[in-house]
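Scroll down for the structure; my scribbles are underneath it.
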Amino acid sequence: MSAFLANLAARGESKVHSATVAVCVLDMAVAQNTTPGMFVTPESVVAAKSASQLAGVVEGQELARMFAWMRPNDLIWNYWVNNYLLGNAPPAFDILYWNNDTTRLPARLHADFLDLIDANPYVNAGRLKVCGMPLDMRRLNLDSYVVGGLTDHITPWQGCYGTAKLYGERSTFVLANSGHIQSLLNPPGNPKACFWTGAASIAGAEAWLERAAKHGGSWWPHWLDWIKSRSGEMTPAPAAPGSDRHPSLEAAPGRYVLER
């Protein structure tokens with residue numbers, strides 16, 4: 001989405017009024033300083049590309065294992081001890097179901113992601129072309145709402161703050177007090193939830209946190225007010241799903257959810 005918005009800006013088109021970016025790090029230098037980044041070398045990148053090109057995809061279970069090893073105490077050894085050694089059944093937890101819903105990654109997209117590590121094009125303007133136009137985040141001129149997670153182990157919140165800085169002076173940064181997934185699955189009603197807000201106008205992430213406004217509860221209502229103030233007039237919802245041109249196929253959730 002960021003590349004698309006930068007491409008629109010390079011073409012002088014203002015089709016998008018605002019952007020919401022969640023738990024996303026655009027500066028690849030941040031990724032290089034994480035534990036997985038320690039294993040990123042020119043040789044490992046070539047090997048990873050070759051493996052995915054040979055198979056055509058990166059299997060979802062492979063991606064799940066990679067993310068699990070980023071937090072081995074919580075996501076590997078915790079279950080090894082409690083479930084395998086002690087024989088305890090894992091507790092019912094909605095996040096676990098989310099984690100089990102894996103998605104395969106096409107080899108070409110996997111290669112594109114790996115190329116970002118070396119080029120770091122969102123920080124270094126001109127290193128990537130989108131539809132023939134050089135990518136330059138400095139051309140962006142729109143309101144943005146960037147969300148990070150205080151305990152996020154996949155996209156560190158300081159890196160997410162860097163994303164907000166890349167979106168320019170009209171960027172609002174929001175920091176939820178939870179991890180990568182739970183920062184997003186954060187409905188109102190959780191008494192333990194809180195978040196911080198503020199303009200991404202301060203150079204450093206830690207300095208921003210010292211001055212940010214703290215709020216109790218979920219950030220969802222805050223975002224709803226933000227997006228409403230940047231949206232058009234409300235329109236009535238359709239009386240029934242589908243249309244004459246695109247009729248509804250069947251009742252939700254759809255047969256594909258139940259197919260194996």
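The chains in the structure tokens are called A, B, ... from first to last as shown; in each chain the residues are counted from 1, and the ligands are counted from 1 in the order shown.
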Review point. DSSP says strand (DSSP E) for which residues of segment 109-251 of chain A? Put them as a list in words?
Key: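 Selecting the strand (DSSP E) positions of segment 109-251 of chain A gives Lys129, Val130, Met133, Pro134, Asp143, Ser144, Tyr145, Val146, Val147, Gly148, Gly149, Ser171, Thr172, Phe173, Val174, Leu175, Ala176, Cys194, Phe195, Trp196, Thr197, Gly198, Ala199, Ala213, Lys214, His215 and Gly216 of chain A.
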### Selection near Gly56 of chain A, 12 Å with only C-alpha atoms, sequence-local residues under 2 positions removed, as a list in words
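Skipping anything fewer than 2 positions along the chain leaves Ala48, Lys49, Ser50, Ala51, Ser52, Gln53, Leu54, Val58, Glu59, Arg104, Leu105, Pro106, Ala107, Arg108, Leu109, His110 and Ala111 of chain A.
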Residues of segment 141-234 of chain A that have any atom at most 12 Å from an atom of segment 6-24 of chain A: could you tabulate them with the shortest-distance atom pair and the distance in Å to one decimal, using only C-alpha atoms, ordered by chain and increasing number, as JSON lines?
{"residue": "A:Asn141", "atom": "CA", "partner": "A:Ala9", "partner_atom": "CA", "distance": 7.6}
{"residue": "A:Leu142", "atom": "CA", "partner": "A:Ser18", "partner_atom": "CA", "distance": 5.7}
{"residue": "A:Asp143", "atom": "CA", "partner": "A:Ser18", "partner_atom": "CA", "distance": 4.8}
{"residue": "A:Ser144", "atom": "CA", "partner": "A:Ala19", "partner_atom": "CA", "distance": 4.7}
{"residue": "A:Tyr145", "atom": "CA", "partner": "A:Thr20", "partner_atom": "CA", "distance": 4.7}
{"residue": "A:Val146", "atom": "CA", "partner": "A:Val21", "partner_atom": "CA", "distance": 4.7}
{"residue": "A:Val147", "atom": "CA", "partner": "A:Ala22", "partner_atom": "CA", "distance": 4.6}
{"residue": "A:Gly148", "atom": "CA", "partner": "A:Val23", "partner_atom": "CA", "distance": 4.8}
{"residue": "A:Gly149", "atom": "CA", "partner": "A:Val23", "partner_atom": "CA", "distance": 6.8}
{"residue": "A:Leu150", "atom": "CA", "partner": "A:Val23", "partner_atom": "CA", "distance": 10.2}
{"residue": "A:Thr151", "atom": "CA", "partner": "A:Val23", "partner_atom": "CA", "distance": 11.1}
{"residue": "A:Asp152", "atom": "CA", "partner": "A:Val23", "partner_atom": "CA", "distance": 8.2}
{"residue": "A:His153", "atom": "CA", "partner": "A:Val23", "partner_atom": "CA", "distance": 10.4}
{"residue": "A:Ile154", "atom": "CA", "partner": "A:Val23", "partner_atom": "CA", "distance": 8.6}
{"residue": "A:Thr155", "atom": "CA", "partner": "A:Val23", "partner_atom": "CA", "distance": 6.0}
{"residue": "A:Pro156", "atom": "CA", "partner": "A:Val23", "partner_atom": "CA", "distance": 8.1}
{"residue": "A:Trp157", "atom": "CA", "partner": "A:Val23", "partner_atom": "CA", "distance": 7.4}
{"residue": "A:Gln158", "atom": "CA", "partner": "A:Val23", "partner_atom": "CA", "distance": 10.3}
{"residue": "A:Gly159", "atom": "CA", "partner": "A:Cys24", "partner_atom": "CA", "distance": 7.8}
{"residue": "A:Cys160", "atom": "CA", "partner": "A:Cys24", "partner_atom": "CA", "distance": 5.6}
{"residue": "A:Tyr161", "atom": "CA", "partner": "A:Cys24", "partner_atom": "CA", "distance": 9.1}
{"residue": "A:Gly162", "atom": "CA", "partner": "A:Cys24", "partner_atom": "CA", "distance": 9.5}
{"residue": "A:Thr163", "atom": "CA", "partner": "A:Cys24", "partner_atom": "CA", "distance": 7.1}
{"residue": "A:Ala164", "atom": "CA", "partner": "A:Val21", "partner_atom": "CA", "distance": 8.5}
{"residue": "A:Leu166", "atom": "CA", "partner": "A:Ala6", "partner_atom": "CA", "distance": 10.8}
{"residue": "A:Tyr167", "atom": "CA", "partner": "A:Ala19", "partner_atom": "CA", "distance": 9.3}
{"residue": "A:Gly168", "atom": "CA", "partner": "A:Ala6", "partner_atom": "CA", "distance": 11.7}
{"residue": "A:Arg170", "atom": "CA", "partner": "A:Ser18", "partner_atom": "CA", "distance": 9.7}
{"residue": "A:Ser171", "atom": "CA", "partner": "A:Ala19", "partner_atom": "CA", "distance": 9.2}
{"residue": "A:Thr172", "atom": "CA", "partner": "A:Thr20", "partner_atom": "CA", "distance": 9.6}
{"residue": "A:Phe173", "atom": "CA", "partner": "A:Val21", "partner_atom": "CA", "distance": 9.6}
{"residue": "A:Val174", "atom": "CA", "partner": "A:Ala22", "partner_atom": "CA", "distance": 9.3}
{"residue": "A:Leu175", "atom": "CA", "partner": "A:Val23", "partner_atom": "CA", "distance": 9.5}
{"residue": "A:Ala176", "atom": "CA", "partner": "A:Val23", "partner_atom": "CA", "distance": 10.0}
{"residue": "A:Ser178", "atom": "CA", "partner": "A:Val23", "partner_atom": "CA", "distance": 11.1}
{"residue": "A:Gly179", "atom": "CA", "partner": "A:Val23", "partner_atom": "CA", "distance": 9.3}
{"residue": "A:His180", "atom": "CA", "partner": "A:Val23", "partner_atom": "CA", "distance": 6.6}
{"residue": "A:Ile181", "atom": "CA", "partner": "A:Val23", "partner_atom": "CA", "distance": 8.6}
{"residue": "A:Gln182", "atom": "CA", "partner": "A:Val23", "partner_atom": "CA", "distance": 10.5}
{"residue": "A:Ser183", "atom": "CA", "partner": "A:Val23", "partner_atom": "CA", "distance": 8.1}
{"residue": "A:Leu184", "atom": "CA", "partner": "A:Ala22", "partner_atom": "CA", "distance": 7.6}
{"residue": "A:Leu185", "atom": "CA", "partner": "A:Ala22", "partner_atom": "CA", "distance": 11.3}
{"residue": "A:Trp219", "atom": "CA", "partner": "A:Ala22", "partner_atom": "CA", "distance": 11.8}
{"residue": "A:Trp220", "atom": "CA", "partner": "A:Thr20", "partner_atom": "CA", "distance": 11.9}
{"residue": "A:Trp223", "atom": "CA", "partner": "A:Thr20", "partner_atom": "CA", "distance": 9.0}
{"residue": "A:Leu224", "atom": "CA", "partner": "A:Thr20", "partner_atom": "CA", "distance": 11.1}
{"residue": "A:Trp226", "atom": "CA", "partner": "A:Ser18", "partner_atom": "CA", "distance": 9.9}
{"residue": "A:Ile227", "atom": "CA", "partner": "A:Ser18", "partner_atom": "CA", "distance": 8.0}
{"residue": "A:Lys228", "atom": "CA", "partner": "A:Ser18", "partner_atom": "CA", "distance": 10.8}
{"residue": "A:Ser229", "atom": "CA", "partner": "A:Ser18", "partner_atom": "CA", "distance": 10.5}
{"residue": "A:Arg230", "atom": "CA", "partner": "A:Ser18", "partner_atom": "CA", "distance": 7.1}
{"residue": "A:Ser231", "atom": "CA", "partner": "A:His17", "partner_atom": "CA", "distance": 8.1}
{"residue": "A:Gly232", "atom": "CA", "partner": "A:His17", "partner_atom": "CA", "distance": 10.1}
Handout entry: DSSP-assigned alpha helix (DSSP H) members of segment 50-235 of chain A, reported as a PyMOL selection string
Key = chain A and resi 50-55+60-68+72+78-79+94-100+107-119+157-166+205-211+220-228
Expected file: the selected residues, C-alpha atoms, as a short mmCIF file (atom, residue, chain, number, x, y, z; two decimals), in the first residue's frame:
data_model
loop_
_atom_site.label_atom_id
_atom_site.label_comp_id
_atom_site.auth_asym_id
_atom_site.auth_seq_id
_atom_site.Cartn_x
_atom_site.Cartn_y
_atom_site.Cartn_z
CA SER A 50 16.40 -20.85 -4.51
CA ALA A 51 14.38 -23.00 -2.12
CA SER A 52 11.13 -21.09 -2.65
CA GLN A 53 11.60 -20.89 -6.44
CA LEU A 54 12.12 -24.65 -6.57
CA ALA A 55 8.89 -25.30 -4.64
CA GLY A 60 2.51 -21.57 5.62
CA GLN A 61 3.89 -23.96 8.22
CA GLU A 62 7.42 -22.84 7.34
CA LEU A 63 6.46 -19.22 7.95
CA ALA A 64 4.75 -20.20 11.21
CA ARG A 65 7.91 -21.95 12.43
CA MET A 66 10.01 -18.90 11.57
CA PHE A 67 7.76 -16.59 13.59
CA ALA A 68 7.63 -19.09 16.46
CA PRO A 72 10.91 -19.54 21.47
CA ASN A 78 6.10 -23.29 26.69
CA TYR A 79 4.04 -25.83 24.73
CA ASP A 94 -8.41 -17.11 20.11
CA ILE A 95 -4.89 -15.99 19.15
CA LEU A 96 -3.83 -19.64 18.76
CA TYR A 97 -6.54 -20.16 16.15
CA TRP A 98 -5.28 -17.08 14.33
CA ASN A 99 -1.73 -18.46 14.36
CA ASN A 100 -2.89 -21.82 13.01
CA ALA A 107 7.99 -17.59 -4.49
CA ARG A 108 8.05 -14.35 -6.50
CA LEU A 109 6.58 -12.34 -3.62
CA HIS A 110 9.02 -14.03 -1.23
CA ALA A 111 11.90 -12.93 -3.48
CA ASP A 112 10.54 -9.38 -3.60
CA PHE A 113 10.45 -9.25 0.21
CA LEU A 114 14.04 -10.47 0.41
CA ASP A 115 15.13 -7.83 -2.11
CA LEU A 116 13.71 -5.13 0.17
CA ILE A 117 16.25 -6.08 2.84
CA ASP A 118 19.18 -5.12 0.64
CA ALA A 119 17.67 -2.15 -1.20
CA TRP A 157 7.19 -0.56 17.83
CA GLN A 158 10.20 1.71 17.42
CA GLY A 159 10.36 0.52 13.79
CA CYS A 160 6.64 1.19 13.39
CA TYR A 161 7.27 4.71 14.65
CA GLY A 162 9.88 5.00 11.92
CA THR A 163 7.13 4.08 9.44
CA ALA A 164 5.02 6.93 10.80
CA LYS A 165 7.97 9.29 10.28
CA LEU A 166 8.31 8.09 6.67
CA ALA A 205 10.57 6.85 19.34
CA GLU A 206 11.43 6.83 23.05
CA ALA A 207 11.20 10.63 23.20
CA TRP A 208 7.80 10.40 21.49
CA LEU A 209 6.55 7.96 24.15
CA GLU A 210 7.59 10.31 26.96
CA ARG A 211 5.37 13.06 25.52
CA TRP A 220 -10.45 1.21 17.94
CA PRO A 221 -12.86 4.01 19.05
CA HIS A 222 -10.03 6.54 18.70
CA TRP A 223 -9.35 5.35 15.16
CA LEU A 224 -13.08 5.38 14.36
CA ASP A 225 -13.30 9.07 15.29
CA TRP A 226 -10.13 9.73 13.27
CA ILE A 227 -11.35 7.99 10.12
CA LYS A 228 -14.87 9.45 10.35
#
Shortest contact to Asn177 of chain A, candidates A:Gly217, A:Gly204, A:Pro253, A:Pro241, atoms counted only C-alpha atoms, goes to A:Gly217
Find the distance between atom CA of Met137 of chain A and atom CA of Asn120 of chain A and write it in Å to one decimal.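 These two atoms are separated by 11.8 Å.
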Quick one: residues within 10 Å of Pro121 of chain A, only C-alpha atoms, excluding same-chain residues fewer than 3 positions away - as JSON, numbers by chain? {"A": [3, 26, 27, 28, 115, 116, 117, 118, 124, 125, 126, 127, 128, 129, 134, 135, 136, 137]}
